[in-house]
file entry-v7.cif (mmCIF, C-alpha atoms)
data_model
#
loop_
_atom_site.group_PDB
_atom_site.id
_atom_site.type_symbol
_atom_site.label_atom_id
_atom_site.label_comp_id
_atom_site.auth_asym_id
_atom_site.auth_seq_id
_atom_site.Cartn_x
_atom_site.Cartn_y
_atom_site.Cartn_z
ATOM 1 C CA MET A 1 -7.733 51.203 23.388
ATOM 2 C CA LYS A 2 -5.521 52.969 20.856
ATOM 3 C CA ASN A 3 -2.452 51.092 22.155
ATOM 4 C CA ILE A 4 -4.222 47.745 21.764
ATOM 5 C CA LEU A 5 -5.115 48.544 18.135
ATOM 6 C CA ILE A 6 -1.513 49.553 17.381
ATOM 7 C CA VAL A 7 -0.181 46.322 18.925
ATOM 8 C CA GLN A 8 -2.723 44.257 16.956
ATOM 9 C CA LEU A 9 -1.775 46.088 13.749
ATOM 10 C CA ILE A 10 1.945 45.457 14.335
ATOM 11 C CA ILE A 11 1.315 41.769 15.048
ATOM 12 C CA HIS A 12 -0.885 41.498 11.950
ATOM 13 C CA ILE A 13 1.756 43.157 9.707
ATOM 14 C CA TRP A 14 4.499 40.974 11.183
ATOM 15 C CA PHE A 15 2.400 37.859 10.615
ATOM 16 C CA LEU A 16 1.683 38.764 6.965
ATOM 17 C CA ASN A 17 5.345 39.537 6.315
ATOM 18 C CA THR A 18 6.373 36.225 7.857
ATOM 19 C CA ILE A 19 3.966 34.268 5.658
ATOM 20 C CA ASN A 20 4.853 36.134 2.477
ATOM 21 C CA ALA A 21 8.563 36.457 3.173
ATOM 22 C CA GLN A 22 10.819 36.199 0.165
ATOM 23 C CA SER A 23 14.051 34.215 0.031
ATOM 24 C CA ASN A 24 17.155 35.689 1.563
ATOM 25 C CA MET A 25 19.522 37.540 -0.728
ATOM 26 C CA ASP A 26 22.076 34.726 -0.379
ATOM 27 C CA SER A 27 19.693 31.916 -1.392
ATOM 28 C CA TRP A 28 18.227 30.789 -4.696
ATOM 29 C CA ARG A 29 14.613 30.289 -5.612
ATOM 30 C CA ILE A 30 13.860 27.817 -8.354
ATOM 31 C CA PHE A 31 11.097 28.345 -10.885
ATOM 32 C CA SER A 32 10.278 25.660 -13.432
ATOM 33 C CA PRO A 33 7.567 25.799 -16.081
ATOM 34 C CA ASN A 34 5.030 23.068 -15.472
ATOM 35 C CA GLU A 35 2.631 23.423 -18.356
ATOM 36 C CA LYS A 36 3.392 20.118 -20.094
ATOM 37 C CA VAL A 37 3.450 16.915 -18.052
ATOM 38 C CA ILE A 38 5.926 14.394 -19.481
ATOM 39 C CA GLY A 39 4.954 11.563 -17.153
ATOM 40 C CA ILE A 40 4.026 10.521 -13.633
ATOM 41 C CA GLU A 41 5.339 7.577 -11.600
ATOM 42 C CA HIS A 42 5.188 6.508 -7.975
ATOM 43 C CA GLN A 43 7.727 4.638 -5.907
ATOM 44 C CA GLY A 44 6.902 3.820 -2.291
ATOM 45 C CA SER A 45 5.349 6.905 -0.745
ATOM 46 C CA MET A 46 6.852 9.248 -3.370
ATOM 47 C CA ILE A 47 5.062 10.539 -6.465
ATOM 48 C CA TYR A 48 7.288 11.862 -9.268
ATOM 49 C CA THR A 49 5.766 14.172 -11.884
ATOM 50 C CA ALA A 50 8.060 15.064 -14.781
ATOM 51 C CA PHE A 51 7.846 18.372 -16.593
ATOM 52 C CA GLU A 52 10.189 19.481 -19.350
ATOM 53 C CA LEU A 53 12.545 21.361 -16.987
ATOM 54 C CA GLY A 54 12.142 19.471 -13.710
ATOM 55 C CA ILE A 55 10.576 16.841 -11.505
ATOM 56 C CA LEU A 56 7.979 17.697 -8.882
ATOM 57 C CA THR A 57 8.149 15.181 -6.034
ATOM 58 C CA TYR A 58 5.406 14.663 -3.477
ATOM 59 C CA ASP A 59 5.767 12.521 -0.364
ATOM 60 C CA VAL A 60 2.327 11.140 0.441
ATOM 61 C CA ASP A 61 3.258 10.165 4.015
ATOM 62 C CA TYR A 62 4.713 13.546 5.027
ATOM 63 C CA LYS A 63 2.609 15.712 2.676
ATOM 64 C CA GLU A 64 5.777 17.449 1.431
ATOM 65 C CA GLN A 65 6.674 18.486 -2.073
ATOM 66 C CA SER A 66 9.885 19.613 -3.701
ATOM 67 C CA LEU A 67 11.097 20.587 -7.142
ATOM 68 C CA TRP A 68 14.113 18.800 -8.609
ATOM 69 C CA THR A 69 15.908 20.539 -11.488
ATOM 70 C CA ASN A 70 19.404 20.588 -12.914
ATOM 71 C CA ALA A 71 20.155 23.365 -10.398
ATOM 72 C CA ASN A 72 19.709 21.150 -7.335
ATOM 73 C CA HIS A 73 19.419 17.386 -8.087
ATOM 74 C CA LEU A 74 19.144 16.390 -11.736
ATOM 75 C CA SER A 75 22.032 16.003 -14.195
ATOM 76 C CA ASP A 76 20.404 17.779 -17.108
ATOM 77 C CA PHE A 77 17.317 19.618 -18.366
ATOM 78 C CA ARG A 78 14.745 19.086 -21.152
ATOM 79 C CA ILE A 79 13.176 15.898 -19.800
ATOM 80 C CA SER A 80 11.582 13.813 -22.544
ATOM 81 C CA ALA A 81 10.565 10.558 -20.786
ATOM 82 C CA LEU A 82 9.906 9.100 -17.340
ATOM 83 C CA GLY A 83 9.810 5.452 -16.329
ATOM 84 C CA LYS A 84 10.041 3.058 -13.401
ATOM 85 C CA HIS A 85 11.836 -0.218 -12.684
ATOM 86 C CA GLU A 86 9.999 -2.053 -9.886
ATOM 87 C CA PRO A 87 12.619 -4.723 -8.997
ATOM 88 C CA THR A 88 15.242 -2.097 -8.070
ATOM 89 C CA ASN A 89 12.840 0.638 -6.888
ATOM 90 C CA THR A 90 14.261 2.983 -9.511
ATOM 91 C CA ILE A 91 12.761 6.003 -11.250
ATOM 92 C CA ILE A 92 14.332 6.608 -14.675
ATOM 93 C CA ILE A 93 14.503 10.033 -16.317
ATOM 94 C CA GLY A 94 15.320 10.419 -20.019
ATOM 95 C CA TYR A 95 16.391 13.688 -21.626
ATOM 96 C CA ASP A 96 16.230 15.175 -25.124
ATOM 97 C CA ASN A 97 20.009 14.865 -25.514
ATOM 98 C CA GLY A 98 20.072 11.155 -24.534
ATOM 99 C CA ASN A 99 21.216 11.656 -20.967
ATOM 100 C CA ILE A 100 19.731 9.291 -18.340
ATOM 101 C CA ASP A 101 19.243 9.768 -14.597
ATOM 102 C CA LEU A 102 18.346 6.968 -12.193
ATOM 103 C CA ILE A 103 16.730 7.856 -8.859
ATOM 104 C CA GLN A 104 17.245 5.218 -6.172
ATOM 105 C CA ASN A 105 16.493 6.007 -2.517
ATOM 106 C CA GLU A 106 16.263 9.712 -3.431
ATOM 107 C CA GLN A 107 19.848 9.636 -4.796
ATOM 108 C CA VAL A 108 20.453 10.560 -8.444
ATOM 109 C CA TYR A 109 22.855 8.473 -10.544
ATOM 110 C CA ASN A 110 23.760 9.684 -14.026
ATOM 111 C CA ILE A 111 24.354 7.464 -17.062
ATOM 112 C CA PRO A 112 25.702 9.814 -19.787
ATOM 113 C CA GLY A 113 26.621 7.094 -22.329
ATOM 114 C CA ILE A 114 24.118 8.073 -25.023
ATOM 115 C CA LYS A 115 24.712 11.798 -24.536
ATOM 116 C CA LEU A 116 28.487 11.423 -24.914
ATOM 117 C CA ALA A 117 28.437 8.878 -27.755
ATOM 118 C CA SER A 118 29.154 9.792 -31.380
ATOM 119 C CA ILE A 119 26.011 8.260 -32.846
ATOM 120 C CA GLN A 120 24.212 8.866 -36.120
ATOM 121 C CA GLY A 121 20.562 9.623 -35.460
ATOM 122 C CA ILE A 122 18.390 11.344 -32.915
ATOM 123 C CA LYS A 123 19.483 10.786 -29.306
ATOM 124 C CA SER A 124 16.253 12.025 -27.727
ATOM 125 C CA ILE A 125 14.639 9.472 -25.416
ATOM 126 C CA THR A 126 11.025 8.893 -26.445
ATOM 127 C CA LYS A 127 9.893 6.154 -24.055
ATOM 128 C CA ILE A 128 11.156 4.106 -21.113
ATOM 129 C CA THR A 129 9.857 0.609 -20.362
ATOM 130 C CA SER A 130 10.965 -2.134 -17.971
ATOM 131 C CA HIS A 131 11.054 -5.888 -18.301
ATOM 132 C CA GLU A 132 12.526 -8.185 -15.653
ATOM 133 C CA GLN A 133 15.996 -6.919 -14.671
ATOM 134 C CA TYR A 134 16.458 -4.367 -17.482
ATOM 135 C CA VAL A 135 15.133 -1.004 -18.629
ATOM 136 C CA TYR A 136 14.540 -0.412 -22.339
ATOM 137 C CA VAL A 137 15.165 3.162 -23.463
ATOM 138 C CA ASN A 138 13.754 4.119 -26.863
ATOM 139 C CA THR A 139 15.708 6.694 -28.830
ATOM 140 C CA GLY A 140 15.670 7.944 -32.390
ATOM 141 C CA PHE A 141 18.548 5.658 -33.373
ATOM 142 C CA GLY A 142 17.556 2.465 -31.532
ATOM 143 C CA ILE A 143 16.785 0.794 -28.222
ATOM 144 C CA VAL A 144 19.307 1.088 -25.397
ATOM 145 C CA ILE A 145 19.197 -1.533 -22.647
ATOM 146 C CA VAL A 146 20.103 -0.223 -19.179
ATOM 147 C CA ASP A 147 20.947 -2.327 -16.129
ATOM 148 C CA PRO A 148 19.623 -0.220 -13.206
ATOM 149 C CA LYS A 149 21.228 -2.484 -10.598
ATOM 150 C CA ARG A 150 24.725 -1.943 -12.033
ATOM 151 C CA LYS A 151 23.849 1.589 -13.224
ATOM 152 C CA GLU A 152 25.231 1.006 -16.719
ATOM 153 C CA ILE A 153 24.299 0.504 -20.361
ATOM 154 C CA LYS A 154 24.194 -3.208 -21.136
ATOM 155 C CA ASP A 155 23.488 -3.278 -24.881
ATOM 156 C CA THR A 156 22.002 -1.384 -27.823
ATOM 157 C CA TYR A 157 19.698 -2.620 -30.597
ATOM 158 C CA TYR A 158 19.435 -0.897 -33.963
ATOM 159 C CA PRO A 159 16.174 -2.268 -35.433
ATOM 160 C CA SER A 160 16.006 0.353 -38.208
ATOM 161 C CA SER A 161 18.722 2.480 -39.749
ATOM 162 C CA THR A 162 16.279 4.933 -41.319
ATOM 163 C CA GLU A 163 13.342 5.341 -38.923
ATOM 164 C CA GLU A 164 13.017 6.694 -35.401
ATOM 165 C CA ILE A 165 11.979 4.177 -32.721
ATOM 166 C CA MET A 166 8.782 5.465 -31.115
ATOM 167 C CA SER A 167 8.033 2.620 -28.719
ATOM 168 C CA SER A 168 9.100 -0.895 -27.796
ATOM 169 C CA GLN A 169 7.549 -3.828 -25.998
ATOM 170 C CA ILE A 170 8.670 -7.276 -24.935
ATOM 171 C CA ILE A 171 6.206 -10.102 -25.450
ATOM 172 C CA GLY A 172 7.468 -13.455 -24.246
ATOM 173 C CA ASP A 173 11.153 -13.418 -25.116
ATOM 174 C CA THR A 174 10.801 -11.198 -28.208
ATOM 175 C CA LEU A 175 11.486 -7.465 -28.377
ATOM 176 C CA TYR A 176 9.267 -5.487 -30.764
ATOM 177 C CA ALA A 177 10.020 -1.957 -31.927
ATOM 178 C CA LEU A 178 7.487 0.488 -33.359
ATOM 179 C CA THR A 179 8.639 3.115 -35.851
ATOM 180 C CA THR A 180 6.474 5.783 -37.455
ATOM 181 C CA THR A 181 5.541 3.401 -40.291
ATOM 182 C CA ARG A 182 6.016 -0.201 -39.146
ATOM 183 C CA LEU A 183 6.392 -2.757 -36.369
ATOM 184 C CA LEU A 184 9.785 -4.519 -36.223
ATOM 185 C CA LYS A 185 10.783 -7.734 -34.496
ATOM 186 C CA CYS A 186 14.227 -7.498 -32.913
#

call {"tool": "encode", "arguments": {"input": "entry-v7.cif", "output": "structure tokens"}}
result
Amino acid sequence: MKNILIVQLIIHIWFLNTINAQSNMDSWRIFSPNEKVIGIEHQGSMIYTAFELGILTYDVDYKEQSLWTNANHLSDFRISALGKHEPTNTIIIGYDNGNIDLIQNEQVYNIPGIKLASIQGIKSITKITSHEQYVYVNTGFGIVIVDPKRKEIKDTYYPSSTEEIMSSQIIGDTLYALTTTRLLKC
């Protein structure tokens, strides 16, 4: 009887240690604060939830989740906006420094044009919207048009030289920009 209890205790301890095992010494564990949700988008069976320092992905079909940060997938940190472009099945990530990541088929493509540019004004991306074949990225200095198919910046609009662009919308064939004090027609 005593031997059976000892064997059960050893199995129980082994089982608990297996469940609560920590990472090996030669591997990294990633921790990302997730107090403030920046945005949530879905593409196919994947759900993307953006936090300031990473993206939590969840595959609905396989019930699997993973954390994407600048340590393992993303090009930068300090996410400020999240958007989606349906025609190309692309998730768009905007950062405080103007950097842009495109996620297509779980591959990340970086567009650093805004980040690297010498531009007067705030580069932080405030909102991402899509219309037809383009993505419209709102920044403090203007609206940057991204072609997700070609993975490049197509054009930039500067609707106001003094006010930050908070949001934009296309109605018909007209682009409107919202600043903190007025609505502009581009």

call {"tool": "axis_aligned_box", "arguments": {"input": "entry-v7.cif", "around": "segment 49-64 of chain A", "padding_each_side": "6 Å", "output": "lines of an AutoDock Vina configuration file"}}
result
center_x = 7.4
center_y = 15.8
center_z = -7.2
size_x = 22.2
size_y = 23.2
size_z = 36.4

call {"tool": "closest_residue", "arguments": {"input": "entry-v7.cif", "among": "A:Ile38, A:Met166, A:Leu116, A:Ile91", "to": "Thr180 of chain A", "atoms": "all atoms listed in the file"}}
result
A:Met166

call {"tool": "residues_around", "arguments": {"input": "entry-v7.cif", "residues": "segment 58-64 of chain A", "least_positions_apart": "5", "cutoff": "7 Å", "atoms": "only C-alpha atoms", "output": "JSON list (two decimals) with C-alpha atoms, keeping the file's coordinate frame"}}
result
[["chain", "number", "residue", "atom", "x", "y", "z"],
["A", 45, "SER", "CA", 5.35, 6.90, -0.74],
["A", 46, "MET", "CA", 6.85, 9.25, -3.37],
["A", 47, "ILE", "CA", 5.06, 10.54, -6.46],
["A", 48, "TYR", "CA", 7.29, 11.86, -9.27]]

call {"tool": "atom_distance", "arguments": {"input": "entry-v7.cif", "atom1": "atom CA of Ser161 of chain A", "atom2": "atom CA of Asn110 of chain A"}}
result
27.2 Å

call {"tool": "residues_around", "arguments": {"input": "entry-v7.cif", "residues": "Lys149 of chain A", "least_positions_apart": "4", "cutoff": "9 Å", "atoms": "only C-alpha atoms", "output": "MDAnalysis selection string"}}
result
chainID A and resid 88 90 133:134

call {"tool": "build_atoms", "arguments": {"input": "entry-v7.cif", "residues": "segment 99-128 of chain A", "atoms": "N, CA and C atoms", "output": "JSON list (two decimals), in the frame of the given file"}}
result
[["chain", "number", "residue", "atom", "x", "y", "z"],
["A", 99, "ASN", "N", 20.75, 11.87, -22.34],
["A", 99, "ASN", "CA", 21.22, 11.66, -20.97],
["A", 99, "ASN", "C", 20.17, 10.87, -20.17],
["A", 100, "ILE", "N", 20.63, 10.09, -19.17],
["A", 100, "ILE", "CA", 19.73, 9.29, -18.34],
["A", 100, "ILE", "C", 20.09, 9.51, -16.88],
["A", 101, "ASP", "N", 19.08, 9.73, -16.05],
["A", 101, "ASP", "CA", 19.24, 9.77, -14.60],
["A", 101, "ASP", "C", 18.45, 8.63, -13.98],
["A", 102, "LEU", "N", 19.03, 7.98, -13.00],
["A", 102, "LEU", "CA", 18.35, 6.97, -12.19],
["A", 102, "LEU", "C", 18.17, 7.53, -10.80],
["A", 103, "ILE", "N", 16.97, 7.43, -10.24],
["A", 103, "ILE", "CA", 16.73, 7.86, -8.86],
["A", 103, "ILE", "C", 16.47, 6.60, -8.04],
["A", 104, "GLN", "N", 17.38, 6.35, -7.08],
["A", 104, "GLN", "CA", 17.24, 5.22, -6.17],
["A", 104, "GLN", "C", 17.43, 5.75, -4.75],
["A", 105, "ASN", "N", 16.44, 5.52, -3.90],
["A", 105, "ASN", "CA", 16.49, 6.01, -2.52],
["A", 105, "ASN", "C", 16.79, 7.50, -2.46],
["A", 106, "GLU", "N", 16.14, 8.26, -3.34],
["A", 106, "GLU", "CA", 16.26, 9.71, -3.43],
["A", 106, "GLU", "C", 17.68, 10.18, -3.75],
["A", 107, "GLN", "N", 18.51, 9.30, -4.28],
["A", 107, "GLN", "CA", 19.85, 9.64, -4.80],
["A", 107, "GLN", "C", 19.79, 9.58, -6.31],
["A", 108, "VAL", "N", 20.44, 10.52, -6.99],
["A", 108, "VAL", "CA", 20.45, 10.56, -8.44],
["A", 108, "VAL", "C", 21.78, 10.02, -8.96],
["A", 109, "TYR", "N", 21.69, 9.06, -9.89],
["A", 109, "TYR", "CA", 22.86, 8.47, -10.54],
["A", 109, "TYR", "C", 22.74, 8.75, -12.03],
["A", 110, "ASN", "N", 23.79, 9.30, -12.63],
["A", 110, "ASN", "CA", 23.76, 9.68, -14.03],
["A", 110, "ASN", "C", 24.42, 8.62, -14.90],
["A", 111, "ILE", "N", 23.79, 8.34, -16.05],
["A", 111, "ILE", "CA", 24.35, 7.46, -17.06],
["A", 111, "ILE", "C", 24.43, 8.29, -18.35],
["A", 112, "PRO", "N", 25.59, 8.90, -18.64],
["A", 112, "PRO", "CA", 25.70, 9.81, -19.79],
["A", 112, "PRO", "C", 26.12, 9.14, -21.10],
["A", 113, "GLY", "N", 26.11, 7.81, -21.16],
["A", 113, "GLY", "CA", 26.62, 7.09, -22.33],
["A", 113, "GLY", "C", 26.06, 7.53, -23.66],
["A", 114, "ILE", "N", 24.74, 7.66, -23.76],
["A", 114, "ILE", "CA", 24.12, 8.07, -25.02],
["A", 114, "ILE", "C", 24.49, 9.52, -25.34],
["A", 115, "LYS", "N", 24.42, 10.37, -24.35],
["A", 115, "LYS", "CA", 24.71, 11.80, -24.54],
["A", 115, "LYS", "C", 26.13, 12.00, -25.07],
["A", 116, "LEU", "N", 27.09, 11.24, -24.55],
["A", 116, "LEU", "CA", 28.49, 11.42, -24.91],
["A", 116, "LEU", "C", 28.90, 10.66, -26.16],
["A", 117, "ALA", "N", 28.08, 9.72, -26.61],
["A", 117, "ALA", "CA", 28.44, 8.88, -27.76],
["A", 117, "ALA", "C", 28.33, 9.63, -29.08],
["A", 118, "SER", "N", 29.22, 9.27, -30.01],
["A", 118, "SER", "CA", 29.15, 9.79, -31.38],
["A", 118, "SER", "C", 28.28, 8.84, -32.18],
["A", 119, "ILE", "N", 27.00, 9.15, -32.23],
["A", 119, "ILE", "CA", 26.01, 8.26, -32.85],
["A", 119, "ILE", "C", 25.28, 9.01, -33.95],
["A", 120, "GLN", "N", 25.06, 8.32, -35.06],
["A", 120, "GLN", "CA", 24.21, 8.87, -36.12],
["A", 120, "GLN", "C", 22.76, 8.69, -35.69],
["A", 121, "GLY", "N", 21.98, 9.72, -35.81],
["A", 121, "GLY", "CA", 20.56, 9.62, -35.46],
["A", 121, "GLY", "C", 20.20, 10.52, -34.29],
["A", 122, "ILE", "N", 18.94, 10.50, -33.97],
["A", 122, "ILE", "CA", 18.39, 11.34, -32.92],
["A", 122, "ILE", "C", 18.59, 10.66, -31.57],
["A", 123, "LYS", "N", 19.20, 11.35, -30.62],
["A", 123, "LYS", "CA", 19.48, 10.79, -29.31],
["A", 123, "LYS", "C", 18.33, 10.93, -28.32],
["A", 124, "SER", "N", 17.36, 11.75, -28.64],
["A", 124, "SER", "CA", 16.25, 12.02, -27.73],
["A", 124, "SER", "C", 15.56, 10.74, -27.27],
["A", 125, "ILE", "N", 15.31, 10.64, -25.98],
["A", 125, "ILE", "CA", 14.64, 9.47, -25.42],
["A", 125, "ILE", "C", 13.13, 9.69, -25.52],
["A", 126, "THR", "N", 12.46, 8.74, -26.20],
["A", 126, "THR", "CA", 11.02, 8.89, -26.44],
["A", 126, "THR", "C", 10.16, 8.10, -25.48],
["A", 127, "LYS", "N", 10.68, 6.98, -24.96],
["A", 127, "LYS", "CA", 9.89, 6.15, -24.06],
["A", 127, "LYS", "C", 10.82, 5.28, -23.23],
["A", 128, "ILE", "N", 10.40, 4.97, -22.01],
["A", 128, "ILE", "CA", 11.16, 4.11, -21.11],
["A", 128, "ILE", "C", 10.23, 3.00, -20.63]]
